[in-house]
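Below is one structure, written out as structure tokens; the observations come after it.
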Amino acid sequence: MAELWSIHKGLEIILERKLKNVKIESDSLVAVNLITKRNLGNLPQSVLINEAHFLLAQTNTMIGQIPPFG
């Protein structure tokens with residue numbers, strides 16, 4: 001859940017500052033997949049995920065998963 005909020009906040013900042021060609025990287029494959037795949041079902045986080053997906057489309061930002069450290 002924290003990773004979803006972080007990505008959402010990052011997308012808001014990108015939109016506010018009108019940044020271009022930004023790539024967000026996360027070590028949470030689950031968060032990346034939820035935002036990019038949109039297979040939500042009945043998740044309690046669906047509103048947050050839908051908003052993040054909308055912001056992702058508005059900002060023309062790429063999002064990807066990086067392997068976790070360790």
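To be explicit about the labels: the chains of the structure tokens are called A, B, and onward in the order shown, and within each one the residues are counted from 1, while ligands get numbers from 1 in the order they are shown.
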
Shell of 10 Å around region 21-32 of chain A, only C-alpha atoms, local chain residues under 3 positions omitted, as a tab-separated table (two decimals) with N, CA, C and O atoms, in the first residue's frame:
chain	number	residue	atom	x	y	z
A	1	MET	N	0.83	-1.19	0.00
A	1	MET	CA	0.00	0.00	0.00
A	1	MET	C	0.87	1.26	0.00
A	1	MET	O	0.57	2.21	-0.71
A	2	ALA	N	1.95	1.25	0.77
A	2	ALA	CA	2.84	2.41	0.83
A	2	ALA	C	3.47	2.69	-0.54
A	2	ALA	O	3.61	3.85	-0.94
A	3	GLU	N	3.81	1.65	-1.25
A	3	GLU	CA	4.41	1.82	-2.58
A	3	GLU	C	3.40	2.43	-3.56
A	3	GLU	O	3.75	3.28	-4.38
A	4	LEU	N	2.15	2.02	-3.47
A	4	LEU	CA	1.11	2.60	-4.31
A	4	LEU	C	0.95	4.10	-4.03
A	4	LEU	O	0.85	4.90	-4.96
A	5	TRP	N	0.95	4.47	-2.75
A	5	TRP	CA	0.84	5.89	-2.40
A	5	TRP	C	2.05	6.67	-2.90
A	5	TRP	O	1.91	7.81	-3.36
A	6	SER	N	3.23	6.08	-2.81
A	6	SER	CA	4.45	6.76	-3.28
A	6	SER	C	4.41	7.01	-4.78
A	6	SER	O	4.76	8.09	-5.25
A	7	ILE	N	4.00	6.01	-5.53
A	7	ILE	CA	3.89	6.15	-6.98
A	7	ILE	C	2.84	7.21	-7.32
A	7	ILE	O	3.06	8.07	-8.17
A	10	GLY	N	4.25	10.63	-6.63
A	10	GLY	CA	5.22	10.96	-7.67
A	10	GLY	C	4.55	11.40	-8.95
A	10	GLY	O	4.98	12.37	-9.59
A	11	LEU	N	3.49	10.73	-9.33
A	11	LEU	CA	2.74	11.10	-10.54
A	11	LEU	C	2.08	12.47	-10.39
A	11	LEU	O	2.05	13.25	-11.34
A	14	ILE	N	4.85	15.00	-10.91
A	14	ILE	CA	5.20	15.06	-12.33
A	14	ILE	C	4.18	15.90	-13.09
A	14	ILE	O	4.54	16.74	-13.92
A	35	ILE	N	-0.99	-1.02	-11.25
A	35	ILE	CA	-1.20	0.25	-11.93
A	35	ILE	C	-1.21	0.08	-13.45
A	35	ILE	O	-2.01	0.70	-14.13
A	36	THR	N	-0.38	-0.78	-13.97
A	36	THR	CA	-0.28	-0.90	-15.43
A	36	THR	C	-1.25	-1.90	-16.03
A	36	THR	O	-1.73	-1.71	-17.14
A	37	LYS	N	-1.56	-2.96	-15.32
A	37	LYS	CA	-2.42	-4.02	-15.88
A	37	LYS	C	-3.90	-3.75	-15.66
A	37	LYS	O	-4.73	-4.24	-16.39
A	38	ARG	N	-4.24	-3.07	-14.59
A	38	ARG	CA	-5.63	-2.71	-14.27
A	38	ARG	C	-6.53	-3.92	-14.04
A	38	ARG	O	-7.70	-3.89	-14.33
A	49	ILE	N	-5.56	3.04	-7.15
A	49	ILE	CA	-4.94	2.45	-8.35
A	49	ILE	C	-5.51	3.09	-9.61
A	49	ILE	O	-4.77	3.43	-10.54
A	56	LEU	N	-0.91	8.39	-14.70
A	56	LEU	CA	0.12	7.81	-15.56
A	56	LEU	C	-0.15	8.16	-17.02
A	56	LEU	O	0.75	8.57	-17.76
A	59	THR	N	0.38	12.03	-17.72
A	59	THR	CA	1.75	12.54	-17.66
A	59	THR	C	2.66	11.92	-18.70
A	59	THR	O	3.80	12.34	-18.84
A	60	ASN	N	2.18	10.91	-19.41
A	60	ASN	CA	3.03	10.22	-20.38
A	60	ASN	C	4.29	9.69	-19.72
A	60	ASN	O	5.40	9.81	-20.25
A	61	THR	N	4.14	9.16	-18.53
A	61	THR	CA	5.24	8.63	-17.74
A	61	THR	C	5.31	7.12	-17.90
A	61	THR	O	4.29	6.45	-18.00
A	62	MET	N	6.51	6.60	-17.90
A	62	MET	CA	6.70	5.15	-17.93
A	62	MET	C	6.93	4.68	-16.50
A	62	MET	O	7.50	5.38	-15.68
A	63	ILE	N	6.47	3.47	-16.23
A	63	ILE	CA	6.69	2.88	-14.91
A	63	ILE	C	7.21	1.47	-15.10
A	63	ILE	O	6.75	0.75	-15.97
A	64	GLY	N	8.19	1.11	-14.30
A	64	GLY	CA	8.78	-0.21	-14.42
A	64	GLY	C	9.26	-0.74	-13.08
A	64	GLY	O	9.34	0.00	-12.10
A	65	GLN	N	9.55	-2.01	-13.07
A	65	GLN	CA	9.98	-2.68	-11.85
A	65	GLN	C	11.48	-2.90	-11.90
A	65	GLN	O	12.04	-3.26	-12.94
A	66	ILE	N	12.14	-2.63	-10.79
A	66	ILE	CA	13.56	-2.95	-10.64
A	66	ILE	C	13.69	-4.01	-9.56
A	66	ILE	O	12.87	-4.07	-8.65
A	67	PRO	N	14.70	-4.86	-9.63
A	67	PRO	CA	14.83	-5.88	-8.60
A	67	PRO	C	15.14	-5.25	-7.24
A	67	PRO	O	15.86	-4.25	-7.17
A	68	PRO	N	14.58	-5.81	-6.19
A	68	PRO	CA	14.88	-5.29	-4.85
A	68	PRO	C	16.34	-5.55	-4.47
A	68	PRO	O	16.96	-6.49	-4.97
A	69	PHE	N	16.86	-4.72	-3.60
A	69	PHE	CA	18.23	-4.91	-3.12
A	69	PHE	C	18.30	-6.11	-2.18
A	69	PHE	O	17.36	-6.40	-1.47

Which residues come within 8 Å of Leu48 (chain A), counting only C-alpha atoms, excluding same-chain residues fewer than 2 positions away, as a tab-separated table (two decimals) with all heavy atoms, in the first residue's frame?
chain	number	residue	atom	x	y	z
A	4	LEU	N	2.15	2.02	-3.47
A	4	LEU	CA	1.11	2.60	-4.31
A	4	LEU	C	0.95	4.10	-4.03
A	4	LEU	O	0.85	4.90	-4.96
A	4	LEU	CB	-0.23	1.89	-4.10
A	4	LEU	CG	-0.35	0.48	-4.64
A	4	LEU	CD1	-1.65	-0.17	-4.17
A	4	LEU	CD2	-0.27	0.48	-6.16
A	5	TRP	N	0.95	4.47	-2.75
A	5	TRP	CA	0.84	5.89	-2.40
A	5	TRP	C	2.05	6.67	-2.90
A	5	TRP	O	1.91	7.81	-3.36
A	5	TRP	CB	0.69	6.07	-0.89
A	5	TRP	CG	-0.73	5.94	-0.43
A	5	TRP	CD1	-1.25	4.94	0.32
A	5	TRP	CD2	-1.80	6.84	-0.69
A	5	TRP	NE1	-2.60	5.16	0.53
A	5	TRP	CE2	-2.96	6.32	-0.07
A	5	TRP	CE3	-1.91	8.04	-1.40
A	5	TRP	CZ2	-4.20	6.95	-0.13
A	5	TRP	CZ3	-3.14	8.67	-1.45
A	5	TRP	CH2	-4.27	8.13	-0.83
A	8	HIS	N	1.71	7.16	-6.64
A	8	HIS	CA	0.64	8.13	-6.86
A	8	HIS	C	1.15	9.55	-6.61
A	8	HIS	O	0.92	10.45	-7.42
A	8	HIS	CB	-0.54	7.80	-5.95
A	8	HIS	CG	-1.75	8.64	-6.18
A	8	HIS	ND1	-1.87	9.89	-5.63
A	8	HIS	CD2	-2.88	8.42	-6.90
A	8	HIS	CE1	-3.04	10.41	-5.99
A	8	HIS	NE2	-3.66	9.54	-6.76
A	45	GLN	N	-7.95	-1.00	-2.55
A	45	GLN	CA	-7.11	0.07	-3.08
A	45	GLN	C	-7.50	0.48	-4.50
A	45	GLN	O	-6.79	1.26	-5.14
A	45	GLN	CB	-5.63	-0.37	-3.12
A	45	GLN	CG	-5.08	-0.86	-1.83
A	45	GLN	CD	-5.24	-2.36	-1.65
A	45	GLN	OE1	-6.05	-2.99	-2.29
A	45	GLN	NE2	-4.47	-2.92	-0.74
A	46	SER	N	-8.61	-0.01	-5.02
A	46	SER	CA	-8.95	0.21	-6.43
A	46	SER	C	-9.09	1.69	-6.80
A	46	SER	O	-8.72	2.09	-7.89
A	46	SER	CB	-10.19	-0.57	-6.83
A	46	SER	OG	-11.30	-0.16	-6.08
A	50	ASN	N	-6.82	3.28	-9.66
A	50	ASN	CA	-7.45	3.93	-10.82
A	50	ASN	C	-6.94	5.36	-11.00
A	50	ASN	O	-6.68	5.81	-12.12
A	50	ASN	CB	-8.97	3.91	-10.70
A	50	ASN	CG	-9.55	2.57	-11.05
A	50	ASN	OD1	-9.01	1.84	-11.86
A	50	ASN	ND2	-10.66	2.24	-10.42
A	51	GLU	N	-6.80	6.09	-9.90
A	51	GLU	CA	-6.28	7.45	-9.97
A	51	GLU	C	-4.84	7.45	-10.47
A	51	GLU	O	-4.46	8.28	-11.29
A	51	GLU	CB	-6.36	8.13	-8.60
A	51	GLU	CG	-7.74	8.54	-8.20
A	51	GLU	CD	-7.77	9.21	-6.83
A	51	GLU	OE1	-6.69	9.53	-6.27
A	51	GLU	OE2	-8.88	9.41	-6.32
A	52	ALA	N	-4.03	6.53	-9.97
A	52	ALA	CA	-2.63	6.43	-10.42
A	52	ALA	C	-2.56	6.09	-11.90
A	52	ALA	O	-1.74	6.65	-12.63
A	52	ALA	CB	-1.89	5.39	-9.58
